[in-house]
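> After the structure tokens below, expect a handful of questions from me.
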Amino acid sequence: MNVQQLRYFLHLSNTQNMQQSADELFISQPALSKSISNLEERLGVKLFDRVGRSIQLNKFGALYKKRVHRAINELDIGKEELYSLTNAENGRIDLGFVYSLGPIFIPNLLAEYAQISHLKIRGNQNNTMNLLLQLQEGKYDAVFFTGNDKHPDLDQFSDLTISTFHTQPVVFIVSELSPLSSEKYYSIEELLAYEFITFHEPSTLRPLINHFFAEKNLSPKITYEVLDDLTLLSLTSKNLGIGIFPKSSIMKNFGVREIYIKETFLTQTIYLAQNPLRYKSPAVKKFIDYVKKEEKNLLKHI
């Protein structure tokens, strides 16, 4: 039993004329007759009564017709739903992204893409590890996350396709009211006299910060540990400490400025991750192509 057999049955149940149905279905009459016979054999019951050289839908066929009509209708609705979700013009994709990309990059990316496409994008924020685990499970079509190739936990995601989107410097920032807000260059050691504001331990950036200071046998006084960018910037803007933050255009909105230091510090990379083992709809492919093509333009929002 297959869908084609069921469609043949529905058509014949309406015409109750074997030759007419065969002509309208563009198949031979023997092929249609054989298909109906196979269906009846599979069901173990006759659906049509043969009256002379004509056929009539019997009571079993009438009962089955109601069920088949409902089933075929559901299949057609399902097909339309799948098309609406996957077609390149107005389908839907599920996009994951880390908290730090929420304030500027993701909203601007989605707003610009909305100008050229009716694609519906369902977004969800989470931390890097959860996003990548859920990408493996198929919850997301693509994920933007931040990190560094030295992050040890990324080894467990070797099955994912992870490409570098942008690498940004990590900088020390202070309030514009701070005495450190000047054109002077400082050494890391000089900054240790002040308190620091940085991200909480679960972030991908925090282990890099810890490793940097540990290698130099330095112990910064970390007073505030936060989970999101806006809190870090807000605390820093109130002159409550030196913030450690990936350099971003959002800094100009908070009355903070970068401290110039005499040595190389850290970098953070924005990655785009996909799961090659999962189906990519035309909608997803079109979105990813856009991101790659417009990379330089999108970087102005970072």
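Scheme for the structure tokens: letters A, B, ... for chains in order shown; per-chain residue numbers from 1; ligand numbers from 1 in order shown.
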Env of Ile36 (chain A): 8 Å cut, atoms = only C-alpha atoms, seq-sep filter 6 positions within chain, self excluded. Answer as a list in words.
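Near neighbours after the sequence-gap exclusion: Gln5, Tyr8 and Phe9 of chain A.
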> Would you export the selected residues with C-alpha atoms as a PDB file, in the first residue's frame, please?

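Output (part-v3.pdb):
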ATOM      1  CA  GLN A   5      -2.603   3.657  -4.643  1.00  0.00           C
ATOM      2  CA  TYR A   8      -6.020   6.222  -7.366  1.00  0.00           C
ATOM      3  CA  PHE A   9      -8.656   4.760  -5.061  1.00  0.00           C
TER       4      PHE A   9
END
> Could you go through region 31-131 of chain A and tell me which residues DSSP, when run on the backbone, assigns to strand (DSSP E or B), listing them as a ChimeraX atom specification?
/A:48-51,54-57,92-97,120-125
> Set the distance at 7 Å and use only C-alpha atoms: which residues neighbour region 278-290 of chain A once local chain neighbours fewer than 5 positions away are removed? I'd like the list as a PyMOL selection string.
chain A and resi 86-89+91-93+138+141
> Could you please determine the separation between CA of Ile104 (chain A) and CA of Val174 (chain A) in Å, to one decimal place?
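Atom-to-atom, CA of Ile104 (chain A) and CA of Val174 (chain A) are spaced 20.4 Å apart.
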> Can you tell me which residues surround Thr164 (chain A) at a distance of at most 7 Å, considering only C-alpha atoms, apart from same-chain residues fewer than 6 positions away, and format the answer as a list of chain:residue names?
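Surrounding residues, per the criterion: A:Thr269, A:Ile270, A:Tyr271, A:Leu272.
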> For Leu205 (chain A), work out the shell of residues within 12 Å, counting only C-alpha atoms and skipping chain neighbours fewer than 2 positions away, then give it as a ChimeraX atom specification.
/A:100,127-128,145-151,169-171,198-203,207-212,226-229,244-246,266-270
> Just to be explicit: take each residue in the selection above, keep C-alpha atoms, and write the result as a CSV table (one decimal), in the first residue's frame.

chain,number,residue,atom,x,y,z
A,100,SER,CA,27.4,38.6,24.0
A,127,ASN,CA,25.9,29.7,26.5
A,128,THR,CA,28.4,28.2,24.0
A,145,PHE,CA,29.2,31.6,19.4
A,146,THR,CA,32.4,33.1,20.7
A,147,GLY,CA,35.5,31.4,22.0
A,148,ASN,CA,39.1,30.6,21.2
A,149,ASP,CA,40.7,27.6,19.5
A,150,LYS,CA,42.6,27.0,22.8
A,151,HIS,CA,39.3,26.3,24.5
A,169,PRO,CA,40.8,41.9,20.5
A,170,VAL,CA,40.0,41.6,24.2
A,171,VAL,CA,40.7,44.9,25.8
A,198,THR,CA,35.0,40.3,34.2
A,199,PHE,CA,32.8,37.4,33.1
A,200,HIS,CA,31.8,34.5,35.3
A,201,GLU,CA,33.7,31.2,35.1
A,202,PRO,CA,31.3,29.4,32.7
A,203,SER,CA,32.0,31.9,29.9
A,207,PRO,CA,39.4,30.5,31.2
A,208,LEU,CA,41.6,32.5,28.8
A,209,ILE,CA,41.8,35.4,31.2
A,210,ASN,CA,42.7,33.1,34.1
A,211,HIS,CA,45.4,31.4,32.0
A,212,PHE,CA,46.9,34.7,30.9
A,226,VAL,CA,29.0,38.9,35.5
A,227,LEU,CA,27.1,36.8,33.0
A,228,ASP,CA,26.4,39.3,30.3
A,229,ASP,CA,27.9,42.2,28.4
A,244,ILE,CA,37.9,43.1,30.6
A,245,PHE,CA,35.8,43.0,27.4
A,246,PRO,CA,35.9,42.0,23.7
A,266,LEU,CA,44.0,38.3,24.3
A,267,THR,CA,41.7,37.8,21.3
A,268,GLN,CA,38.2,36.3,21.1
A,269,THR,CA,36.8,34.7,17.9
A,270,ILE,CA,33.2,34.7,16.7
> Ranking A:Ile188, A:Ala114, A:Ile173, A:Leu6 by minimum distance to Arg70 (chain A) and counting only C-alpha atoms, which one comes first?
A:Leu6
> Write out as a list in words which residues come within 9 Å of Phe157 (chain A) when counting only C-alpha atoms, dropping same-chain ones fewer than 5 positions away.
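Once the adjacent positions are removed, what remains is Leu132, Leu133, Gln136 and Ile162 of chain A.
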> Rank A:Leu131, A:Leu47, A:Ala193, A:Ile77 by their smallest atom-to-atom distance to Phe97 (chain A), using only C-alpha atoms, and report the top residue only.
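For Phe97 (chain A), the nearest of the candidates is A:Leu131.
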> In Å, how far is it from CA of Gln115 (chain A) to CA of Leu95 (chain A)?
17.9 Å
> Contacts of region 49-53 of chain A at 12 Å or less, counting only C-alpha atoms, minus same-chain residues fewer than 3 places along, as a ChimeraX atom specification?
/A:13,16-19,33,37,40,45-46,56-62
> To one decimal place, how far is CA of Ser249 (chain A) from CA of Pro107 (chain A) in Å?
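Computing the Euclidean distance for CA of Ser249 (chain A) and CA of Pro107 (chain A) yields 13.7 Å.
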> Please extract the residues of region 34-151 of chain A with a backbone DSSP assignment of helix (DSSP H, G or I) and present them as a compact mmCIF listing (two decimals) with N, CA and C atoms, in the first residue's frame.

# COMPACT_ATOMS: atom_id res chain seq x y z
N LYS A 34 -5.17 -3.09 -11.74
CA LYS A 34 -4.23 -3.88 -10.94
C LYS A 34 -3.91 -3.18 -9.62
N SER A 35 -3.78 -1.84 -9.65
CA SER A 35 -3.48 -1.09 -8.44
C SER A 35 -4.61 -1.23 -7.43
N ILE A 36 -5.86 -1.14 -7.91
CA ILE A 36 -7.01 -1.27 -7.01
C ILE A 36 -7.11 -2.71 -6.48
N SER A 37 -6.85 -3.68 -7.31
CA SER A 37 -6.89 -5.08 -6.88
C SER A 37 -5.83 -5.35 -5.80
N ASN A 38 -4.63 -4.79 -6.00
CA ASN A 38 -3.57 -4.95 -5.00
C ASN A 38 -3.96 -4.32 -3.67
N LEU A 39 -4.61 -3.15 -3.73
CA LEU A 39 -5.05 -2.48 -2.51
C LEU A 39 -6.09 -3.32 -1.80
N GLU A 40 -7.06 -3.82 -2.54
CA GLU A 40 -8.10 -4.66 -1.94
C GLU A 40 -7.50 -5.93 -1.33
N GLU A 41 -6.53 -6.50 -2.01
CA GLU A 41 -5.87 -7.71 -1.50
C GLU A 41 -5.13 -7.40 -0.20
N ARG A 42 -4.49 -6.24 -0.16
CA ARG A 42 -3.76 -5.86 1.05
C ARG A 42 -4.72 -5.63 2.21
N LEU A 43 -5.88 -5.07 1.94
CA LEU A 43 -6.86 -4.79 2.99
C LEU A 43 -7.67 -6.02 3.36
N LYS A 59 -20.26 -0.51 0.63
CA LYS A 59 -20.28 0.12 1.96
C LYS A 59 -18.89 0.11 2.62
N PHE A 60 -18.10 -0.93 2.30
CA PHE A 60 -16.73 -0.96 2.87
C PHE A 60 -15.86 0.11 2.20
N GLY A 61 -16.06 0.26 0.90
CA GLY A 61 -15.32 1.29 0.17
C GLY A 61 -15.70 2.69 0.64
N ALA A 62 -17.00 2.89 0.92
CA ALA A 62 -17.46 4.20 1.37
C ALA A 62 -16.84 4.56 2.73
N LEU A 63 -16.77 3.55 3.62
CA LEU A 63 -16.16 3.77 4.93
C LEU A 63 -14.67 4.08 4.79
N TYR A 64 -14.03 3.30 3.94
CA TYR A 64 -12.58 3.48 3.76
C TYR A 64 -12.28 4.81 3.08
N LYS A 65 -13.16 5.24 2.20
CA LYS A 65 -12.97 6.50 1.49
C LYS A 65 -12.86 7.67 2.46
N LYS A 66 -13.69 7.67 3.51
CA LYS A 66 -13.66 8.76 4.49
C LYS A 66 -12.29 8.83 5.17
N ARG A 67 -11.77 7.63 5.52
CA ARG A 67 -10.47 7.60 6.21
C ARG A 67 -9.32 8.01 5.28
N VAL A 68 -9.40 7.51 4.04
CA VAL A 68 -8.34 7.81 3.09
C VAL A 68 -8.34 9.31 2.75
N HIS A 69 -9.52 9.86 2.58
CA HIS A 69 -9.62 11.29 2.26
C HIS A 69 -8.98 12.12 3.37
N ARG A 70 -9.27 11.74 4.62
CA ARG A 70 -8.71 12.46 5.76
C ARG A 70 -7.18 12.30 5.80
N ALA A 71 -6.70 11.07 5.55
CA ALA A 71 -5.27 10.81 5.59
C ALA A 71 -4.53 11.57 4.49
N ILE A 72 -5.07 11.53 3.26
CA ILE A 72 -4.44 12.22 2.14
C ILE A 72 -4.43 13.73 2.40
N ASN A 73 -5.52 14.23 2.97
CA ASN A 73 -5.58 15.65 3.27
C ASN A 73 -4.50 16.04 4.28
N GLU A 74 -4.29 15.20 5.31
CA GLU A 74 -3.25 15.47 6.31
C GLU A 74 -1.86 15.43 5.67
N LEU A 75 -1.65 14.47 4.78
CA LEU A 75 -0.36 14.38 4.09
C LEU A 75 -0.10 15.62 3.24
N ASP A 76 -1.14 16.10 2.56
CA ASP A 76 -0.99 17.29 1.72
C ASP A 76 -0.71 18.52 2.59
N ILE A 77 -1.41 18.62 3.72
CA ILE A 77 -1.16 19.74 4.64
C ILE A 77 0.27 19.68 5.16
N GLY A 78 0.71 18.45 5.51
CA GLY A 78 2.08 18.27 6.00
C GLY A 78 3.09 18.70 4.96
N LYS A 79 2.85 18.34 3.71
CA LYS A 79 3.76 18.73 2.62
C LYS A 79 3.83 20.24 2.49
N GLU A 80 2.66 20.90 2.58
CA GLU A 80 2.63 22.36 2.48
C GLU A 80 3.35 23.00 3.66
N GLU A 81 3.17 22.44 4.85
CA GLU A 81 3.85 22.97 6.03
C GLU A 81 5.37 22.85 5.90
N LEU A 82 5.82 21.69 5.42
CA LEU A 82 7.26 21.50 5.23
C LEU A 82 7.80 22.48 4.19
N TYR A 83 7.06 22.68 3.14
CA TYR A 83 7.51 23.62 2.11
C TYR A 83 7.60 25.03 2.67
N SER A 84 6.56 25.42 3.46
CA SER A 84 6.56 26.77 4.01
C SER A 84 7.71 26.99 4.99
N LEU A 85 8.17 25.92 5.64
CA LEU A 85 9.27 26.03 6.60
C LEU A 85 10.64 25.99 5.94
N THR A 86 10.72 25.37 4.78
CA THR A 86 12.04 25.12 4.19
C THR A 86 12.33 25.90 2.92
N TYR A 99 25.01 35.11 24.41
CA TYR A 99 24.50 36.35 24.98
C TYR A 99 25.24 37.58 24.48
N SER A 100 26.57 37.47 24.32
CA SER A 100 27.36 38.64 23.96
C SER A 100 27.04 39.18 22.57
N LEU A 101 26.44 38.36 21.71
CA LEU A 101 26.11 38.81 20.36
C LEU A 101 24.68 39.36 20.27
N PHE A 105 25.05 42.70 17.28
CA PHE A 105 25.32 41.94 16.06
C PHE A 105 24.08 41.20 15.54
N ILE A 106 23.46 40.37 16.36
CA ILE A 106 22.33 39.57 15.90
C ILE A 106 21.14 40.43 15.48
N PRO A 107 20.72 41.44 16.27
CA PRO A 107 19.59 42.27 15.82
C PRO A 107 19.85 42.95 14.47
N ASN A 108 21.07 43.44 14.27
CA ASN A 108 21.38 44.10 13.00
C ASN A 108 21.45 43.10 11.85
N LEU A 109 22.00 41.92 12.11
CA LEU A 109 22.03 40.88 11.09
C LEU A 109 20.62 40.52 10.64
N LEU A 110 19.73 40.30 11.60
CA LEU A 110 18.36 39.89 11.27
C LEU A 110 17.60 41.02 10.59
N ALA A 111 17.83 42.24 11.05
CA ALA A 111 17.13 43.38 10.44
C ALA A 111 17.56 43.58 8.99
N GLU A 112 18.84 43.45 8.72
CA GLU A 112 19.33 43.63 7.35
C GLU A 112 18.85 42.49 6.45
N TYR A 113 18.83 41.27 7.01
CA TYR A 113 18.38 40.14 6.18
C TYR A 113 16.88 40.25 5.88
N ALA A 114 16.13 40.81 6.82
CA ALA A 114 14.69 40.96 6.63
C ALA A 114 14.36 41.91 5.47
N THR A 128 27.78 28.94 25.12
CA THR A 128 28.41 28.22 24.00
C THR A 128 28.22 26.71 24.09
N MET A 129 28.49 26.13 25.25
CA MET A 129 28.43 24.67 25.37
C MET A 129 27.03 24.14 25.10
N ASN A 130 26.01 24.80 25.67
CA ASN A 130 24.63 24.35 25.44
C ASN A 130 24.23 24.51 23.97
N LEU A 131 24.65 25.62 23.36
CA LEU A 131 24.31 25.84 21.96
C LEU A 131 24.89 24.75 21.06
N LEU A 132 26.14 24.39 21.29
CA LEU A 132 26.78 23.39 20.43
C LEU A 132 26.20 22.00 20.67
N LEU A 133 25.88 21.70 21.91
CA LEU A 133 25.23 20.41 22.20
C LEU A 133 23.87 20.32 21.50
N GLN A 134 23.11 21.42 21.55
CA GLN A 134 21.79 21.43 20.91
C GLN A 134 21.90 21.46 19.39
N LEU A 135 22.99 22.01 18.87
CA LEU A 135 23.23 21.95 17.42
C LEU A 135 23.48 20.51 17.00
N GLN A 136 24.21 19.77 17.82
CA GLN A 136 24.44 18.34 17.54
C GLN A 136 23.12 17.58 17.53
N GLU A 137 22.21 17.95 18.43
CA GLU A 137 20.92 17.25 18.55
C GLU A 137 19.92 17.65 17.48
